[in-house]
Amino acid sequence: MTSVVDERVSNEVEALEVILMDDVIIEREGNKPTIIETVVHPLTGDDTDQQYVCVTLKVKFTPDYPDSSPEVTLRNPSGLDDQRLSMINSKIKEKLAECLGQPVVFELMELVGENLTERNLPSGQCLFCLYDFVEGDKFTKTQCYHYFHSHCLGSHLIVEKKYYQEYLDKLPNWQQMQAPPYQPTCPVCRSEVSCNVDALREAPPPIESKNAEPFPLTPERKVQKQQYVERFCL
Ligand SMILES: [Zn+2]
Ligand SMILES: [Zn+2]
């Protein structure tokens with residue numbers, strides 16, 4: 001089945017293919033592009049280690065796109081909570097209204113990308129200190145995509161290494177000789193992590209810890225602390 005494709009659409013799709021290459025999926029019915037899908041990251045250049053959030057932008061063309069707005073959905077968000085997604089979604093709606101009658105996919109990619117760049121932080125808490133990640137915090141993304149304040153992770157690994165050494169010291173000599181050297185692991189998934197523990201430890205403590213009351217030990221926090229001790233320190 002072939003049909004005439006609006007030139008505005010064919011030009012847009014061609015440009016997307018040239019610029020994004022393998023990073024864009026284009027579905028077609030016959031020769032007519034119907035769905036565009038691409039993963040949007042914060043604009044950090046080639047430094048992918050510094051990207052903590054991302055989302056898939058899916059644009060479904062209406063039959064008379066761009067004279068009517070396409071259906072736009074955000075899928076597989078990573079590091080974004082619902083509040084943030086609905087904020088981006090409402091900006092998308094505004095943009096669609098503004099751009100009615102002209103191709104809008106690049107505009108949408110830019111809008112989402114800028115939004116991710118503005119707050120390129122993982123959402124949620126650091127497992128160790130239970131404080132949120134905030135602007136200005138130094139944090140580390142492990143190879144297994146888990147996030148911690150650098151300071152907290154450094155402190156944890158130092159303690160873990162110390163416990164491992166104490167454990168080794170109690171073993172008979174021959175067992176000590178056979179034991180593997182200490183290997184830092186991710187406290188969430190136990191994957192091996194490679195990092196410079198001393199450099200981590202030198203990172204400033206979490207910003208929220210400075211603003212907080214001197215350790216408010218709520219019942220919830222007490223339980224979490226206990227779980228932490230049992231999991232990592234015993
Ligand atoms: Zn922390
Ligand atoms: Zn992990």
# chains A, B, ... in the order shown; residues from 1 in each chain; ligands from 1
>>> residues_around(residues="range 40-48 of chain A", least_positions_apart="2", cutoff="6 Å", atoms="only C-alpha atoms", output="number ranges by chain")
A: 50-51, 54-56, 113, 116-117
>>> residues_around(residues="Tyr145 in chain A", least_positions_apart="6", cutoff="10 Å", atoms="only C-alpha atoms", output="PyMOL selection string")
chain A and resi 49+52+186+189
>>> residues_near_ligand(ligand="ligand 2", cutoff="12 Å", atoms="only C-alpha atoms and all ligand atoms", output="list in words")
Leu127, Thr140, Lys141, Thr142, Gln143, Cys144, Tyr145, His146, Tyr147, Phe148, Leu153, Pro184, Thr185, Cys186, Pro187, Val188, Cys189, Arg190, Ser191, Glu192, Val193 and Ser194 of chain A
>>> residues_around(residues="range 97-101 of chain A", least_positions_apart="4", cutoff="7 Å", atoms="only C-alpha atoms", output="JSON, numbers by chain")
{"A": [66, 67, 68, 69, 93]}
>>> write_last_selection(atoms="N, CA, C and O atoms", output="short mmCIF file (atom, residue, chain, number, x, y, z; two decimals), in the first residue's frame")
data_model
loop_
_atom_site.label_atom_id
_atom_site.label_comp_id
_atom_site.auth_asym_id
_atom_site.auth_seq_id
_atom_site.Cartn_x
_atom_site.Cartn_y
_atom_site.Cartn_z
N PRO A 66 0.86 17.07 10.25
CA PRO A 66 0.90 17.92 11.45
C PRO A 66 -0.26 18.90 11.59
O PRO A 66 -0.19 19.79 12.43
N ASP A 67 -1.31 18.72 10.75
CA ASP A 67 -2.44 19.64 10.91
C ASP A 67 -3.28 19.31 12.13
O ASP A 67 -4.10 20.11 12.56
N SER A 68 -3.10 18.10 12.66
CA SER A 68 -3.64 17.84 14.00
C SER A 68 -2.48 17.31 14.85
O SER A 68 -1.48 16.80 14.30
N SER A 69 -2.61 17.46 16.16
CA SER A 69 -1.49 17.10 17.04
C SER A 69 -1.32 15.58 17.10
O SER A 69 -2.31 14.84 17.11
N LYS A 93 1.94 19.21 26.20
CA LYS A 93 0.63 19.65 25.70
C LYS A 93 0.68 21.08 25.19
O LYS A 93 0.17 21.40 24.12
#
>>> atom_distance(atom1="CA of Ile35 in chain A", atom2="CA of Arg119 in chain A")
28.0 Å
>>> closest_residue(among="A:Ala15, A:Val5, A:Ala203, A:Leu168", to="ligand 1", atoms="only C-alpha atoms and all ligand atoms")
A:Ala203
>>> atom_distance(atom1="CA of Lys32 in chain A", atom2="CA of Val105 in chain A")
15.8 Å
>>> closest_residue(among="A:Asp198, A:Glu110, A:Glu160, A:Asp132", to="ligand 1", atoms="only C-alpha atoms and all ligand atoms")
A:Asp132
>>> residues_near_ligand(ligand="ligand 1", cutoff="7 Å", atoms="only C-alpha atoms and all ligand atoms", output="list in words")
Cys126, Leu127, Phe128, Cys129, Leu130, Tyr131, Phe148, His149, His151, Cys152 and Pro206 of chain A
>>> closest_residue(among="A:Leu80, A:Tyr167, A:Tyr65, A:Glu7", to="Pro181 in chain A", atoms="only C-alpha atoms")
A:Tyr167
>>> select_by_dssp(residues="range 108-162 of chain A", states="strand (DSSP E)", output="list in words")
Phe139, Thr140, Lys141, Tyr147, Phe148 and His149 of chain A
>>> closest_residue(among="A:Ser78, A:Asn211, A:Asn196, A:Ser150", to="Gly124 in chain A", atoms="only C-alpha atoms")
A:Ser78
>>> decode(residues="range 66-80 of chain A", atoms="all heavy atoms", output="PDB file, in the first residue's frame")
ATOM      1  N   PRO A  66       0.863  17.073  10.246  1.00  0.00           N
ATOM      2  CA  PRO A  66       0.902  17.916  11.451  1.00  0.00           C
ATOM      3  C   PRO A  66      -0.262  18.903  11.585  1.00  0.00           C
ATOM      4  O   PRO A  66      -0.187  19.791  12.431  1.00  0.00           O
ATOM      5  CB  PRO A  66       2.220  18.675  11.261  1.00  0.00           C
ATOM      6  CG  PRO A  66       2.365  18.823   9.787  1.00  0.00           C
ATOM      7  CD  PRO A  66       1.716  17.621   9.177  1.00  0.00           C
ATOM      8  N   ASP A  67      -1.306  18.716  10.755  1.00  0.00           N
ATOM      9  CA  ASP A  67      -2.437  19.641  10.907  1.00  0.00           C
ATOM     10  C   ASP A  67      -3.283  19.311  12.130  1.00  0.00           C
ATOM     11  O   ASP A  67      -4.104  20.113  12.562  1.00  0.00           O
ATOM     12  CB  ASP A  67      -3.286  19.654   9.631  1.00  0.00           C
ATOM     13  CG  ASP A  67      -2.505  20.289   8.484  1.00  0.00           C
ATOM     14  OD1 ASP A  67      -1.789  21.278   8.754  1.00  0.00           O
ATOM     15  OD2 ASP A  67      -2.559  19.778   7.351  1.00  0.00           O
ATOM     16  N   SER A  68      -3.100  18.095  12.658  1.00  0.00           N
ATOM     17  CA  SER A  68      -3.638  17.840  13.996  1.00  0.00           C
ATOM     18  C   SER A  68      -2.478  17.311  14.847  1.00  0.00           C
ATOM     19  O   SER A  68      -1.481  16.804  14.303  1.00  0.00           O
ATOM     20  CB  SER A  68      -4.791  16.833  13.932  1.00  0.00           C
ATOM     21  OG  SER A  68      -4.286  15.563  13.610  1.00  0.00           O
ATOM     22  N   SER A  69      -2.612  17.462  16.162  1.00  0.00           N
ATOM     23  CA  SER A  69      -1.489  17.096  17.041  1.00  0.00           C
ATOM     24  C   SER A  69      -1.321  15.580  17.105  1.00  0.00           C
ATOM     25  O   SER A  69      -2.312  14.845  17.107  1.00  0.00           O
ATOM     26  CB  SER A  69      -1.740  17.619  18.455  1.00  0.00           C
ATOM     27  OG  SER A  69      -1.729  19.017  18.458  1.00  0.00           O
ATOM     28  N   PRO A  70      -0.078  15.111  17.189  1.00  0.00           N
ATOM     29  CA  PRO A  70       0.148  13.674  17.358  1.00  0.00           C
ATOM     30  C   PRO A  70      -0.163  13.259  18.797  1.00  0.00           C
ATOM     31  O   PRO A  70      -0.292  14.114  19.675  1.00  0.00           O
ATOM     32  CB  PRO A  70       1.641  13.523  17.074  1.00  0.00           C
ATOM     33  CG  PRO A  70       2.233  14.846  17.446  1.00  0.00           C
ATOM     34  CD  PRO A  70       1.171  15.879  17.170  1.00  0.00           C
ATOM     35  N   GLU A  71      -0.285  11.956  19.021  1.00  0.00           N
ATOM     36  CA  GLU A  71      -0.433  11.450  20.401  1.00  0.00           C
ATOM     37  C   GLU A  71       0.973  11.241  20.950  1.00  0.00           C
ATOM     38  O   GLU A  71       1.765  10.507  20.353  1.00  0.00           O
ATOM     39  CB  GLU A  71      -1.115  10.080  20.395  1.00  0.00           C
ATOM     40  CG  GLU A  71      -2.604  10.096  20.230  1.00  0.00           C
ATOM     41  CD  GLU A  71      -3.117   8.669  20.031  1.00  0.00           C
ATOM     42  OE1 GLU A  71      -2.583   7.735  20.658  1.00  0.00           O
ATOM     43  OE2 GLU A  71      -4.037   8.511  19.217  1.00  0.00           O
ATOM     44  N   VAL A  72       1.257  11.864  22.083  1.00  0.00           N
ATOM     45  CA  VAL A  72       2.605  11.766  22.633  1.00  0.00           C
ATOM     46  C   VAL A  72       2.561  11.073  23.985  1.00  0.00           C
ATOM     47  O   VAL A  72       1.749  11.429  24.841  1.00  0.00           O
ATOM     48  CB  VAL A  72       3.222  13.178  22.785  1.00  0.00           C
ATOM     49  CG1 VAL A  72       4.629  13.088  23.361  1.00  0.00           C
ATOM     50  CG2 VAL A  72       3.246  13.887  21.446  1.00  0.00           C
ATOM     51  N   THR A  73       3.407  10.068  24.165  1.00  0.00           N
ATOM     52  CA  THR A  73       3.486   9.417  25.479  1.00  0.00           C
ATOM     53  C   THR A  73       4.941   9.301  25.910  1.00  0.00           C
ATOM     54  O   THR A  73       5.847   9.191  25.084  1.00  0.00           O
ATOM     55  CB  THR A  73       2.863   7.997  25.459  1.00  0.00           C
ATOM     56  OG1 THR A  73       3.198   7.366  24.223  1.00  0.00           O
ATOM     57  CG2 THR A  73       1.360   8.036  25.608  1.00  0.00           C
ATOM     58  N   LEU A  74       5.126   9.339  27.218  1.00  0.00           N
ATOM     59  CA  LEU A  74       6.453   9.136  27.800  1.00  0.00           C
ATOM     60  C   LEU A  74       6.471   7.740  28.410  1.00  0.00           C
ATOM     61  O   LEU A  74       5.621   7.412  29.228  1.00  0.00           O
ATOM     62  CB  LEU A  74       6.719  10.186  28.886  1.00  0.00           C
ATOM     63  CG  LEU A  74       6.757  11.628  28.413  1.00  0.00           C
ATOM     64  CD1 LEU A  74       6.905  12.570  29.607  1.00  0.00           C
ATOM     65  CD2 LEU A  74       7.896  11.856  27.428  1.00  0.00           C
ATOM     66  N   ARG A  75       7.438   6.923  28.000  1.00  0.00           N
ATOM     67  CA  ARG A  75       7.471   5.544  28.475  1.00  0.00           C
ATOM     68  C   ARG A  75       8.811   5.216  29.134  1.00  0.00           C
ATOM     69  O   ARG A  75       9.801   5.902  28.917  1.00  0.00           O
ATOM     70  CB  ARG A  75       7.252   4.587  27.310  1.00  0.00           C
ATOM     71  CG  ARG A  75       5.904   4.822  26.613  1.00  0.00           C
ATOM     72  CD  ARG A  75       5.794   4.013  25.341  1.00  0.00           C
ATOM     73  NE  ARG A  75       6.068   2.610  25.622  1.00  0.00           N
ATOM     74  CZ  ARG A  75       6.812   1.815  24.852  1.00  0.00           C
ATOM     75  NH1 ARG A  75       7.343   2.279  23.759  1.00  0.00           N
ATOM     76  NH2 ARG A  75       7.018   0.559  25.187  1.00  0.00           N
ATOM     77  N   ASN A  76       8.802   4.136  29.912  1.00  0.00           N
ATOM     78  CA  ASN A  76      10.013   3.641  30.593  1.00  0.00           C
ATOM     79  C   ASN A  76      10.849   4.735  31.249  1.00  0.00           C
ATOM     80  O   ASN A  76      12.046   4.840  30.987  1.00  0.00           O
ATOM     81  CB  ASN A  76      10.917   2.883  29.607  1.00  0.00           C
ATOM     82  CG  ASN A  76      10.186   1.785  28.902  1.00  0.00           C
ATOM     83  OD1 ASN A  76       9.242   1.208  29.455  1.00  0.00           O
ATOM     84  ND2 ASN A  76      10.580   1.499  27.680  1.00  0.00           N
ATOM     85  N   PRO A  77      10.235   5.550  32.093  1.00  0.00           N
ATOM     86  CA  PRO A  77      11.028   6.592  32.728  1.00  0.00           C
ATOM     87  C   PRO A  77      12.048   5.985  33.688  1.00  0.00           C
ATOM     88  O   PRO A  77      11.773   4.977  34.332  1.00  0.00           O
ATOM     89  CB  PRO A  77       9.982   7.397  33.509  1.00  0.00           C
ATOM     90  CG  PRO A  77       8.855   6.467  33.733  1.00  0.00           C
ATOM     91  CD  PRO A  77       8.836   5.529  32.565  1.00  0.00           C
ATOM     92  N   SER A  78      13.218   6.573  33.733  1.00  0.00           N
ATOM     93  CA  SER A  78      14.234   6.120  34.679  1.00  0.00           C
ATOM     94  C   SER A  78      14.687   7.323  35.488  1.00  0.00           C
ATOM     95  O   SER A  78      15.091   8.342  34.934  1.00  0.00           O
ATOM     96  CB  SER A  78      15.387   5.504  33.886  1.00  0.00           C
ATOM     97  OG  SER A  78      16.501   5.354  34.699  1.00  0.00           O
ATOM     98  N   GLY A  79      14.573   7.246  36.788  1.00  0.00           N
ATOM     99  CA  GLY A  79      14.991   8.338  37.659  1.00  0.00           C
ATOM    100  C   GLY A  79      13.985   9.486  37.720  1.00  0.00           C
ATOM    101  O   GLY A  79      14.311  10.559  38.206  1.00  0.00           O
ATOM    102  N   LEU A  80      12.773   9.273  37.214  1.00  0.00           N
ATOM    103  CA  LEU A  80      11.760  10.340  37.212  1.00  0.00           C
ATOM    104  C   LEU A  80      10.544   9.867  37.995  1.00  0.00           C
ATOM    105  O   LEU A  80      10.057   8.764  37.758  1.00  0.00           O
ATOM    106  CB  LEU A  80      11.315  10.638  35.778  1.00  0.00           C
ATOM    107  CG  LEU A  80      12.395  11.090  34.803  1.00  0.00           C
ATOM    108  CD1 LEU A  80      11.861  11.056  33.379  1.00  0.00           C
ATOM    109  CD2 LEU A  80      12.862  12.488  35.142  1.00  0.00           C
TER     110      LEU A  80
END
